[in-house]
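Visitor: Pasting a structure here, questions to come.
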4 protein chains.
Amino acid sequence: MAGNSIGKKFVITSFGESHGSCIGVIVDGCPAGLSLIESEIDKELGKRIPTHPELVSGRIEKDSVKISSGVFNGITTGAPICLTVENKEIKSSDYEPIKDLPRPGHSDYPARIRYGGFNDYRGGGRFSGRSTVSIIMAGTIAKKLLALLNIEVLAFTKSIGKIELERAMSFEELRKFRYETAVRCPDLDCAKLMEKSIVKARSEGNSLGGIVECVALNIPVGIGDPIFDSLDGDLSKMLFAIPAVKGVDFGLGFGVTRIYGSDNNDEYALSNGEVVTTSNNAGGILGGLSSGMPIILSVAFKPTPSIEKEQHTVNLKTMKETKMKISGRHDPCVVPKAVPVVESAVAIVLIDHLLCSGVISNVLQENK
Amino acid sequence: MAGNSIGKKFVITSFGESHGSCIGVIVDGCPAGLSLIESEIDKELGKRIPTHPELVSGRIEKDSVKISSGVFNGITTGAPICLTVENKEIKSSDYEPIKDLPRPGHSDYPARIRYGGFNDYRGGGRFSGRSTVSIIMAGTIAKKLLALLNIEVLAFTKSIGKIELERAMSFEELRKFRYETAVRCPDLDCAKLMEKSIVKARSEGNSLGGIVECVALNIPVGIGDPIFDSLDGDLSKMLFAIPAVKGVDFGLGFGVTRIYGSDNNDEYALSNGEVVTTSNNAGGILGGLSSGMPIILSVAFKPTPSIEKEQHTVNLKTMKETKMKISGRHDPCVVPKAVPVVESAVAIVLIDHLLCSGVISNVLQENK
Amino acid sequence: MAGNSIGKKFVITSFGESHGSCIGVIVDGCPAGLSLIESEIDKELGKRIPTHPELVSGRIEKDSVKISSGVFNGITTGAPICLTVENKEIKSSDYEPIKDLPRPGHSDYPARIRYGGFNDYRGGGRFSGRSTVSIIMAGTIAKKLLALLNIEVLAFTKSIGKIELERAMSFEELRKFRYETAVRCPDLDCAKLMEKSIVKARSEGNSLGGIVECVALNIPVGIGDPIFDSLDGDLSKMLFAIPAVKGVDFGLGFGVTRIYGSDNNDEYALSNGEVVTTSNNAGGILGGLSSGMPIILSVAFKPTPSIEKEQHTVNLKTMKETKMKISGRHDPCVVPKAVPVVESAVAIVLIDHLLCSGVISNVLQENK
Amino acid sequence: MAGNSIGKKFVITSFGESHGSCIGVIVDGCPAGLSLIESEIDKELGKRIPTHPELVSGRIEKDSVKISSGVFNGITTGAPICLTVENKEIKSSDYEPIKDLPRPGHSDYPARIRYGGFNDYRGGGRFSGRSTVSIIMAGTIAKKLLALLNIEVLAFTKSIGKIELERAMSFEELRKFRYETAVRCPDLDCAKLMEKSIVKARSEGNSLGGIVECVALNIPVGIGDPIFDSLDGDLSKMLFAIPAVKGVDFGLGFGVTRIYGSDNNDEYALSNGEVVTTSNNAGGILGGLSSGMPIILSVAFKPTPSIEKEQHTVNLKTMKETKMKISGRHDPCVVPKAVPVVESAVAIVLIDHLLCSGVISNVLQENK
């Protein structure tokens, strides 16, 4: 496969560039019988749109999805679903002067080499964060399917720079409050500190990163394939498709490396006749298979590479060292926008594995 | 695919169980023309064998590879290569008494559900750390191919529990010393501290985890596929196939979430006419593509779940809560054994991407 | 994968229904650097449009392609290319009365079962011959890439019903005349007889099938993967994706079963220092690999299942036997339309294998 | 993937060469809970062994399977199953004198080019008909799984050279008699004529081909994926993996090209409340999906290319034209040996699609 598709039974193929005519995705393998209308997807895309103007780039697009195939009378048919969003807010002129100057921290340089200079360099082209619109569109469908199984995926901002959400949040709090703050942190006080730190970074022409945590509830025991198609392996592969991701871990993650086995092992007990673990340091995955406990993962996002400070680069045409300053529109921190993307990415992988496992079938009875 | 294969052009299919007759791997897509003899692979497998008896389980196997196909007159033919290692040191009786008692931190419980109780439970069966023998066998071939391109993969132990290697090591030091210490840490002083901490944990019937860092040198610019088949995505998917891995990050990894964009961005410069970056916080990957700088990644290993302390569990036959104590042989820390496995896993993904990119072809001239 | 994608490095994903808003295809893996404009694709699509009104259905669409991604300044970027054609000539009302009556010879009945009745039944929905527009769109790109390697794919009508082209045609004749006749048979006399037989069948409310033969010239020796990804295996898989195909064979095909080995074997000789065979009964493929001789294959198309005669069927709602007569627009013979489709299908498989083999790379120098 | 694997959920990976140490296959994705012992597979392999010495090569091997993984206490565990057969009857010396002389009709020449001369040339190496042992080993498992669903696959010899079985055979006759004759033709009289024709060809130093027909009974309606992963497409791809296959067709196959639509269409009726067709010209597949009627397909095998007549070839070392005569052991007709291979190949594809469809699950209740 050529890189723009992922999945075994719920297969998504992503296309479109930041400054092209559209961003799109084909969802192949969605079971027949799911109701699907455009406004549902628009609503999910809306979660990507920042609610606090100081936190985001000037490019604020109200994305509006078009379904071109795979849905008949408002219900999925089992045929591939084509979803596109038009690119409207394009200011390509920003990029012409710097087309030979690779921006530090961006993919400009390796992409130019990879594609022999034919890549669309405007706004990162195919490598733009705007490609995450594809993930959210497909993710909306994935989430609707998961909902039929009572499975929920809840992502939220865990940290921005050095500001970290330290108190434990209940699933109920996550559910209710994660989209209530501009930074997508469900704790209102912490959220304010995060906001401030982003605003400060921006005012200094700088940027910040952070951690998105994600929880998936009600996954049955034993989902995943062993060894190479493990649940954690497939989740991490998908998550690294989100621009700016530099790390993925599960449960205690890197934290497990510092503690004893006796502190890390999750012991078994019975709860209402069900086997459970009394802790969940494993983050719901053992041996690549779901353990029945909530899946918990963290995703590290780097600070937005576009900053308004002068940086060293090389003019790839003249092959001379030079300096550049990136003007134009960019987010001082991608983390708030990334929250619904992580949620969608996780949902896509989970529904793919659930379809493989046969827990959910090719035809839904929903609309019968 | 059913989970036990990975790769696009250098495809490996792993098989075998901890207490079955053998562990094996099929390597499909190895270019024709590579010299390959069994002793080379045995040597790499030997790196898995612990050199300090106090650090390891009682199961010390001198693994000896058999090549059954794909090699003719000591040279690869382009046909699939079957590699197997006999399992010799088997003491299955250890596992009979606990077959209905899922061991905390192991995959026993989800595996039993996933396979309806038909899975081979002895020593973790298919989920055993012994499956990493397959990765090393295939990895030996991958490394030999990489060497033809002057690419080197160097993994080493970065931390054990709270003991962390803090000073920067030169590539030369990594190359020379990483297998010189029992814990696979190239700094001799730090290695001693690590050893001590493992010995102490073991003496308390406990276990430790740690971090393996890996560096790959001389990867050309622009290797990787965009979006879903990114180099970081494919590396992480492969690394999560190693038992006990709970996190993977690249370059500064989770560290990037705490610093400013201006501190994280790697600026461009020229060095001997080549484009380089003056720092390498990105760990050699931008937008899923290699940047031409060394690839650097970290892998978090959890403490061995088998500990000699009493733990709570549930008897899955009687469905009653109970306690268990794991006797038998187990490593107090898997990290030293994991170092050559990480090296192999990374090598396999890199050669696969390099074969896809056409940098190395289906037929080598090596033996012409 | 979920059925609507094919290929390893030149991966196409098809979407759209006969009576939906569009027919589309994503081409992922097209090398960067290929010039591509919409009118080139329109021209290939035009070959599907029948030039003789008596031979075709009333649905005559002048298809006009839209490129939505993957092309920048008229040149491919290496990113996935989205190509769509709007469906304009839709008369869905024809299908409402028969939605519960599966048409004999069509996929209506198994599709209804497969998708629980949610499939789009209008005009065969996803299973319509109109899906071949996707193949031609992707095939145009494939042919342009093959042309850079001097490879040519020439399909033509070999037989319609019992009228068969019996004389051998030179490649030059195929090249010049195959699209010069309404039935796509390069022999003008034979073409007239074929036309007459179609007109006669139509006048009787009946339909005909036939054989499309296809030749690919200048394929290098040794293309293809052994065993399961053989060149003939991959070609046949692709060709069965064309509606109405019931058989595929290579070279003498089924004819080889009736002759002696001594008559069938193609003996080797030298021609201008090149190894050639003095006959080509194998159709250019031995052991799944190209032999360097022209690839020759035949594809059997069944008569159009839509006929204007009364036929027995079952009302799937009432589960009672009944009779139906199909009105509406349909081709009395799909063979002429199928010729450019076969050509495209073969081109897609060949370029995929050539990209895998490294003969053609990820970046073209064409536009440098 | 690199060519030696096939399948989505029931994935087989084949390895081994004609004159290497073994022929093997990994079956990944076999549900847990199936009883499996070596003698069952040996029995199927035995069907490949010719019962009439005059019809076969001197290489008569009693193949004996070894199961190395994936089976525990005689029951499949869900882990990959490794099956191997040792190569015993090897006479490699036959091939040394002709290693630079490509045999007409064999893959020697393209294989040599494809692998730069490193391929194992002895007895065709990886391209030998002996590779079909892998298909039968995997096919035995597939057939056992199909039997749980009451699905049966019955192949038989339809023609040898110009001798064709013309009378219709009942499924009962196929079931009983197909392995009762040396040529695998269920009609005893016809079988005798076929035998004679093979004996005659052999006596003249010549060889014959023929047609294998295969019927699969009790496939549920709607199995298959649309467009590119159609049931007919996947079956044909698999069948072309069998050496010497030059054509595949379904139902009337190429015969449909000569008749009217009104004669070809299979009309619907009810039979015991089930929807059936009153004829089965489609061979049980419509639009790539199973129709519920028996699947019927034909496979064309060419005459064995090894003949004892002098043939022209080229010495690839000296690059001079020359002549050769193939001595050594070879079958005068591969068709009888091919019958159980076709049966297995079809069974493998069917179980793969059935597993994808969810009709049969990851865990069997058989042994509970």
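Chain lettering (A, B, ...) mirrors the order of the structure tokens, residue numbering begins at 1 for each chain separately, and ligand numbering begins at 1 in order of display.
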May I have chain A as a compact mmCIF listing (two decimals) with C-alpha atoms, in the first residue's frame, after a least-squares superposition on chain D that uses all C-alpha atoms paired in order?

Guide:
```txt
# COMPACT_ATOMS: atom_id res chain seq x y z
CA MET A 1 3.63 -8.14 0.54
CA ALA A 2 6.36 -10.09 -1.12
CA GLY A 3 4.43 -12.73 -3.05
CA ASN A 4 4.52 -15.81 -0.89
CA SER A 5 1.50 -14.98 1.26
CA ILE A 6 -2.18 -14.80 0.40
CA GLY A 7 -5.42 -14.24 2.29
CA LYS A 8 -6.97 -11.65 4.57
CA LYS A 9 -8.00 -13.59 7.66
CA PHE A 10 -6.90 -17.11 6.72
CA VAL A 11 -3.43 -16.16 5.61
CA ILE A 12 -1.04 -18.71 4.21
CA THR A 13 2.67 -18.14 3.69
CA SER A 14 4.39 -20.70 1.53
CA PHE A 15 8.09 -21.55 1.50
CA GLY A 16 10.56 -24.17 0.33
CA GLU A 17 12.10 -25.30 -2.93
CA SER A 18 11.92 -28.47 -4.96
CA HIS A 19 15.42 -29.56 -4.01
CA GLY A 20 15.77 -27.75 -0.68
CA SER A 21 15.36 -29.39 2.68
CA CYS A 22 11.60 -29.00 2.92
CA ILE A 23 8.36 -27.56 1.58
CA GLY A 24 6.35 -25.67 4.15
CA VAL A 25 3.47 -23.38 4.87
CA ILE A 26 2.42 -21.13 7.74
CA VAL A 27 -1.33 -20.92 8.25
CA ASP A 28 -2.15 -17.78 10.20
CA GLY A 29 -5.71 -17.06 11.21
CA CYS A 30 -7.05 -20.57 11.62
CA PRO A 31 -9.68 -20.32 14.33
CA ALA A 32 -8.82 -21.85 17.71
CA GLY A 33 -10.55 -25.08 18.61
CA LEU A 34 -10.11 -27.20 15.49
CA SER A 35 -8.76 -30.71 16.00
CA LEU A 36 -5.77 -31.30 13.77
CA ILE A 37 -3.41 -34.20 13.51
CA GLU A 38 -0.61 -34.87 11.08
CA SER A 39 -2.08 -38.02 9.58
CA GLU A 40 -5.10 -36.10 8.29
CA ILE A 41 -2.83 -33.89 6.27
CA ASP A 42 -0.73 -36.82 5.11
CA LYS A 43 -3.88 -38.39 3.78
CA GLU A 44 -4.68 -35.33 1.66
CA LEU A 45 -1.09 -35.18 0.44
CA GLY A 46 -1.47 -38.82 -0.53
CA LYS A 47 -4.12 -37.80 -3.07
CA ARG A 48 -1.35 -36.03 -4.97
CA ILE A 49 0.55 -39.29 -5.23
CA PRO A 50 -0.28 -40.99 -8.47
CA THR A 51 -1.74 -44.43 -8.22
CA HIS A 52 -0.70 -45.59 -11.66
CA PRO A 53 3.08 -45.61 -12.15
CA GLU A 54 2.91 -45.06 -15.88
CA LEU A 55 1.21 -41.73 -15.41
CA VAL A 56 3.79 -40.09 -13.22
CA SER A 57 7.39 -39.08 -12.77
CA GLY A 58 9.83 -41.36 -11.06
CA ARG A 59 9.82 -39.05 -8.08
CA ILE A 60 7.24 -40.69 -5.86
CA GLU A 61 7.40 -39.24 -2.40
CA LYS A 62 5.39 -40.41 0.51
CA ASP A 63 5.08 -37.01 2.11
CA SER A 64 4.87 -36.88 5.85
CA VAL A 65 3.85 -33.66 7.54
CA LYS A 66 5.32 -32.18 10.69
CA ILE A 67 3.28 -29.64 12.70
CA SER A 68 5.69 -27.33 14.53
CA SER A 69 3.42 -24.70 16.02
CA GLY A 70 -0.14 -23.57 16.53
CA VAL A 71 -1.51 -26.90 17.73
CA PHE A 72 -1.62 -27.90 21.39
CA ASN A 73 -2.98 -31.23 22.57
CA GLY A 74 -4.19 -31.95 19.03
CA ILE A 75 -6.27 -28.77 18.81
CA THR A 76 -5.51 -25.50 17.07
CA THR A 77 -4.71 -22.63 19.43
CA GLY A 78 -5.31 -19.65 17.14
CA ALA A 79 -1.54 -19.15 16.80
CA PRO A 80 0.11 -19.57 13.39
CA ILE A 81 0.43 -23.19 12.32
CA CYS A 82 3.72 -24.24 10.77
CA LEU A 83 3.52 -27.32 8.55
CA THR A 84 6.49 -28.82 6.77
CA VAL A 85 7.26 -31.84 4.66
CA GLU A 86 10.83 -32.99 4.22
CA ASN A 87 12.13 -33.34 0.69
CA LYS A 88 13.55 -36.81 0.43
CA GLU A 89 13.65 -37.98 -3.19
CA ILE A 90 16.12 -35.44 -4.49
CA LYS A 91 18.36 -36.08 -7.47
CA SER A 92 19.87 -32.64 -7.98
CA SER A 93 22.60 -33.95 -10.25
CA ASP A 94 20.06 -34.04 -13.09
CA TYR A 95 20.03 -30.26 -13.16
CA GLU A 96 23.70 -29.34 -13.00
CA PRO A 97 24.40 -29.84 -16.73
CA ILE A 98 21.47 -27.68 -17.78
CA LYS A 99 21.76 -24.87 -15.28
CA ASP A 100 22.57 -22.34 -17.99
CA LEU A 101 20.04 -23.74 -20.47
CA PRO A 102 16.52 -22.44 -19.83
CA ARG A 103 14.03 -25.21 -20.48
CA PRO A 104 11.27 -24.17 -22.91
CA GLY A 105 7.93 -23.70 -21.16
CA HIS A 106 9.54 -23.49 -17.71
CA SER A 107 10.16 -20.38 -15.63
CA ASP A 108 13.93 -20.86 -15.73
CA TYR A 109 14.66 -17.88 -17.93
CA PRO A 110 12.53 -15.16 -16.29
CA ALA A 111 13.43 -16.48 -12.83
CA ARG A 112 17.12 -16.19 -13.61
CA ILE A 113 16.67 -12.60 -14.72
CA ARG A 114 14.34 -11.74 -11.82
CA TYR A 115 16.81 -12.98 -9.21
CA GLY A 116 20.04 -12.04 -10.91
CA GLY A 117 21.04 -15.68 -11.31
CA PHE A 118 20.89 -16.41 -7.58
CA ASN A 119 17.71 -18.46 -7.80
CA ASP A 120 17.85 -22.16 -6.98
CA TYR A 121 17.61 -23.68 -10.45
CA ARG A 122 17.40 -27.30 -9.34
CA GLY A 123 14.11 -28.76 -10.47
CA GLY A 124 12.65 -25.30 -10.95
CA GLY A 125 13.53 -24.40 -7.35
CA ARG A 126 10.86 -22.22 -5.87
CA PHE A 127 8.80 -22.44 -9.08
CA SER A 128 8.49 -26.22 -9.00
CA GLY A 129 5.14 -27.96 -8.98
CA ARG A 130 6.31 -29.30 -5.65
CA SER A 131 5.29 -25.95 -4.13
CA THR A 132 1.72 -27.19 -4.40
CA VAL A 133 2.38 -29.35 -1.35
CA SER A 134 2.06 -26.09 0.63
CA ILE A 135 -1.35 -25.49 -0.87
CA ILE A 136 -2.58 -28.97 -0.01
CA MET A 137 -1.31 -28.73 3.56
CA ALA A 138 -3.13 -25.44 4.12
CA GLY A 139 -6.06 -26.73 2.11
CA THR A 140 -6.56 -29.63 4.46
CA ILE A 141 -7.17 -27.21 7.29
CA ALA A 142 -9.43 -25.09 5.10
CA LYS A 143 -11.49 -28.13 4.14
CA LYS A 144 -11.88 -29.18 7.76
CA LEU A 145 -13.20 -25.73 8.59
CA LEU A 146 -15.53 -25.75 5.59
CA ALA A 147 -16.85 -29.13 6.67
CA LEU A 148 -18.06 -27.55 9.90
CA LEU A 149 -20.25 -25.34 7.70
CA ASN A 150 -21.29 -28.31 5.59
CA ILE A 151 -19.39 -26.88 2.61
CA GLU A 152 -17.72 -29.32 0.26
CA VAL A 153 -15.21 -28.74 -2.52
CA LEU A 154 -15.03 -31.35 -5.26
CA ALA A 155 -12.51 -31.13 -8.09
CA PHE A 156 -12.05 -33.61 -10.89
CA THR A 157 -10.40 -34.06 -14.26
CA LYS A 158 -12.67 -32.75 -17.00
CA SER A 159 -10.35 -33.29 -19.94
CA ILE A 160 -6.92 -34.57 -20.85
CA GLY A 161 -5.75 -33.39 -24.25
CA LYS A 162 -8.68 -33.95 -26.57
CA ILE A 163 -10.40 -36.52 -24.36
CA GLU A 164 -13.19 -34.73 -22.54
CA LEU A 165 -15.69 -35.89 -19.99
CA GLU A 166 -18.92 -34.97 -21.68
CA ARG A 167 -21.68 -36.40 -19.62
CA ALA A 168 -22.92 -34.50 -16.58
CA MET A 169 -21.92 -36.04 -13.30
CA SER A 170 -23.99 -35.83 -10.14
CA PHE A 171 -22.38 -34.39 -7.03
CA GLU A 172 -22.73 -37.84 -5.54
CA GLU A 173 -20.70 -39.37 -8.37
CA LEU A 174 -18.04 -36.70 -8.04
CA ARG A 175 -17.84 -37.28 -4.32
CA LYS A 176 -17.49 -41.02 -4.68
CA PHE A 177 -15.44 -41.59 -7.79
CA ARG A 178 -13.12 -38.64 -8.41
CA TYR A 179 -10.19 -40.22 -6.60
CA GLU A 180 -11.05 -43.74 -7.75
CA THR A 181 -9.26 -43.42 -11.07
CA ALA A 182 -5.61 -42.70 -11.65
CA VAL A 183 -6.45 -39.63 -13.70
CA ARG A 184 -8.99 -38.32 -11.17
CA CYS A 185 -11.86 -38.46 -13.63
CA PRO A 186 -15.01 -39.79 -11.98
CA ASP A 187 -16.27 -41.52 -15.13
CA LEU A 188 -14.48 -44.83 -15.35
CA ASP A 189 -14.75 -45.22 -19.12
CA CYS A 190 -13.61 -41.72 -19.84
CA ALA A 191 -10.81 -42.15 -17.32
CA LYS A 192 -9.49 -45.14 -19.25
CA LEU A 193 -9.33 -43.13 -22.45
CA MET A 194 -7.53 -40.36 -20.64
CA GLU A 195 -5.02 -42.80 -19.20
CA LYS A 196 -4.35 -44.22 -22.62
CA SER A 197 -3.76 -40.81 -24.11
CA ILE A 198 -1.25 -39.97 -21.37
CA VAL A 199 0.56 -43.25 -21.77
CA LYS A 200 0.73 -42.70 -25.51
CA ALA A 201 2.07 -39.16 -25.13
CA ARG A 202 4.69 -40.36 -22.70
CA SER A 203 5.77 -43.17 -24.96
CA GLU A 204 6.41 -40.55 -27.63
CA GLY A 205 8.46 -38.44 -25.23
CA ASN A 206 5.64 -35.97 -25.16
CA SER A 207 3.18 -34.54 -22.63
CA LEU A 208 -0.43 -33.45 -22.28
CA GLY A 209 -2.49 -30.90 -20.42
CA GLY A 210 -6.14 -30.75 -19.55
CA ILE A 211 -8.92 -29.12 -17.61
CA VAL A 212 -9.74 -29.50 -13.94
CA GLU A 213 -13.27 -28.59 -12.98
CA CYS A 214 -14.20 -27.77 -9.41
CA VAL A 215 -17.53 -27.50 -7.63
CA ALA A 216 -18.15 -25.99 -4.20
CA LEU A 217 -21.44 -26.85 -2.53
CA ASN A 218 -23.45 -25.06 0.12
CA ILE A 219 -21.78 -21.66 0.04
CA PRO A 220 -24.16 -19.16 1.65
CA VAL A 221 -25.53 -16.30 -0.48
CA GLY A 222 -23.63 -13.02 -0.50
CA ILE A 223 -20.09 -14.17 0.31
CA GLY A 224 -17.34 -12.10 -1.33
CA ASP A 225 -16.35 -8.50 -1.41
CA PRO A 226 -17.37 -6.19 -4.21
CA ILE A 227 -15.17 -4.98 -7.04
CA PHE A 228 -11.54 -5.90 -6.43
CA ASP A 229 -11.86 -8.57 -3.76
CA SER A 230 -14.58 -10.44 -5.57
CA LEU A 231 -14.96 -14.15 -5.01
CA ASP A 232 -14.12 -14.93 -8.63
CA GLY A 233 -11.19 -12.51 -8.62
CA ASP A 234 -9.71 -14.01 -5.49
CA LEU A 235 -10.29 -17.58 -6.67
CA SER A 236 -8.60 -16.89 -9.99
CA LYS A 237 -5.62 -15.18 -8.34
CA MET A 238 -5.11 -18.19 -6.13
CA LEU A 239 -5.53 -20.67 -8.97
CA PHE A 240 -2.88 -18.95 -11.08
CA ALA A 241 -0.46 -19.70 -8.23
CA ILE A 242 -0.59 -23.34 -9.32
CA PRO A 243 2.18 -23.97 -11.84
CA ALA A 244 1.02 -24.69 -15.42
CA VAL A 245 -2.36 -22.94 -15.08
CA LYS A 246 -3.13 -20.82 -18.17
CA GLY A 247 -6.83 -20.04 -17.74
CA VAL A 248 -9.66 -19.88 -15.24
CA ASP A 249 -13.34 -19.49 -15.92
CA PHE A 250 -16.61 -19.73 -14.03
CA GLY A 251 -19.86 -21.48 -14.90
CA LEU A 252 -20.18 -21.60 -18.68
CA GLY A 253 -17.01 -19.52 -18.76
CA PHE A 254 -15.76 -18.73 -22.23
CA GLY A 255 -18.88 -20.51 -23.48
CA VAL A 256 -21.04 -17.54 -22.48
CA THR A 257 -19.44 -15.42 -25.16
CA ARG A 258 -21.20 -17.45 -27.88
CA ILE A 259 -24.78 -17.48 -26.64
CA TYR A 260 -27.64 -15.04 -26.19
CA GLY A 261 -28.44 -13.28 -22.97
CA SER A 262 -31.79 -15.05 -22.88
CA ASP A 263 -29.98 -18.39 -22.90
CA ASN A 264 -27.35 -17.38 -20.40
CA ASN A 265 -29.40 -15.64 -17.69
CA ASP A 266 -30.25 -17.87 -14.76
CA GLU A 267 -33.86 -17.19 -13.84
CA TYR A 268 -35.06 -17.16 -10.24
CA ALA A 269 -37.53 -19.51 -8.65
CA LEU A 270 -38.44 -20.75 -5.20
CA SER A 271 -37.49 -24.20 -3.95
CA ASN A 272 -38.63 -25.16 -0.46
CA GLY A 273 -38.99 -21.49 0.31
CA GLU A 274 -35.44 -20.71 -0.79
CA VAL A 275 -34.55 -18.51 -3.71
CA VAL A 276 -32.74 -20.56 -6.35
CA THR A 277 -31.92 -20.25 -10.02
CA THR A 278 -33.28 -22.79 -12.44
CA SER A 279 -29.98 -22.99 -14.27
CA ASN A 280 -26.45 -22.16 -13.06
CA ASN A 281 -24.61 -20.77 -16.05
CA ALA A 282 -23.11 -18.15 -13.75
CA GLY A 283 -21.31 -20.84 -11.78
CA GLY A 284 -22.67 -19.56 -8.50
CA ILE A 285 -21.13 -16.08 -8.67
CA LEU A 286 -22.85 -12.80 -9.60
CA GLY A 287 -21.18 -9.43 -9.19
CA GLY A 288 -18.31 -11.13 -7.39
CA LEU A 289 -20.65 -12.47 -4.70
CA SER A 290 -21.87 -16.00 -4.18
CA SER A 291 -25.42 -16.53 -5.43
CA GLY A 292 -26.16 -19.50 -3.21
CA MET A 293 -25.92 -21.93 -6.13
CA PRO A 294 -22.92 -24.27 -6.42
CA ILE A 295 -19.73 -22.49 -7.39
CA ILE A 296 -18.39 -24.05 -10.57
CA LEU A 297 -15.06 -23.24 -12.13
CA SER A 298 -12.65 -24.66 -14.68
CA VAL A 299 -8.88 -24.45 -14.68
CA ALA A 300 -6.77 -24.97 -17.81
CA PHE A 301 -3.45 -26.75 -17.33
CA LYS A 302 -0.83 -26.72 -20.02
CA PRO A 303 1.07 -29.87 -21.03
CA THR A 304 4.09 -30.53 -18.81
CA PRO A 305 6.89 -28.49 -20.32
CA SER A 306 9.48 -31.17 -19.57
CA ILE A 307 9.46 -33.46 -22.61
CA GLU A 308 12.00 -35.93 -23.90
CA LYS A 309 12.32 -34.32 -27.29
CA GLU A 310 15.18 -32.19 -28.44
CA GLN A 311 14.33 -28.47 -28.15
CA HIS A 312 16.01 -25.21 -29.06
CA THR A 313 17.32 -23.02 -26.32
CA VAL A 314 20.02 -20.49 -25.56
CA ASN A 315 23.01 -20.99 -23.31
CA LEU A 316 22.66 -17.97 -21.02
CA LYS A 317 26.31 -18.06 -20.00
CA THR A 318 27.80 -18.18 -23.48
CA MET A 319 24.79 -16.46 -25.07
CA LYS A 320 24.80 -18.92 -27.95
CA GLU A 321 21.86 -20.81 -29.40
CA THR A 322 21.92 -24.51 -28.67
CA LYS A 323 19.71 -27.58 -28.28
CA MET A 324 18.80 -29.55 -25.23
CA LYS A 325 16.98 -32.72 -24.27
CA ILE A 326 15.54 -32.97 -20.80
CA SER A 327 16.20 -36.24 -19.10
CA GLY A 328 15.33 -36.88 -15.50
CA ARG A 329 11.98 -37.53 -13.95
CA HIS A 330 8.84 -35.73 -14.90
CA ASP A 331 5.12 -36.30 -15.14
CA PRO A 332 3.74 -36.72 -18.67
CA CYS A 333 0.64 -34.84 -17.46
CA VAL A 334 0.23 -32.74 -14.30
CA VAL A 335 -3.55 -32.79 -14.34
CA PRO A 336 -4.15 -35.82 -12.08
CA LYS A 337 -1.80 -34.39 -9.44
CA ALA A 338 -3.45 -31.00 -9.81
CA VAL A 339 -6.94 -32.16 -8.83
CA PRO A 340 -6.38 -32.14 -5.04
CA VAL A 341 -4.39 -28.93 -5.43
CA VAL A 342 -7.29 -27.14 -7.11
CA GLU A 343 -9.59 -28.47 -4.42
CA SER A 344 -7.31 -27.08 -1.72
CA ALA A 345 -6.76 -23.76 -3.44
CA VAL A 346 -10.49 -23.21 -3.75
CA ALA A 347 -11.07 -24.27 -0.15
CA ILE A 348 -8.47 -21.78 1.10
CA VAL A 349 -10.09 -18.85 -0.70
CA LEU A 350 -13.57 -19.84 0.42
CA ILE A 351 -12.68 -20.16 4.09
CA ASP A 352 -10.86 -16.83 3.92
CA HIS A 353 -13.96 -15.11 2.59
CA LEU A 354 -16.20 -16.92 5.06
CA LEU A 355 -13.99 -15.83 7.96
CA CYS A 356 -14.10 -12.25 6.64
CA SER A 357 -17.86 -12.41 6.44
CA GLY A 358 -18.15 -13.57 10.05
CA VAL A 359 -20.05 -16.74 9.12
CA ILE A 360 -17.39 -18.67 11.00
CA SER A 361 -15.67 -17.11 13.99
CA ASN A 362 -12.25 -16.97 15.57
CA VAL A 363 -13.07 -19.67 18.06
CA LEU A 364 -14.81 -22.94 17.27
CA GLN A 365 -16.98 -24.69 19.75
CA GLU A 366 -16.05 -28.06 18.22
CA ASN A 367 -13.84 -29.22 21.04
CA LYS A 368 -15.48 -27.56 23.97
```

Visitor: Pick out each residue of stretch 71-234 of chain A that DSSP on the backbone tags as strand (DSSP E or B); I need them as a ChimeraX atom specification.

Guide: /A:71-72,75-76,81-86,152-160,163-164,208,210-217
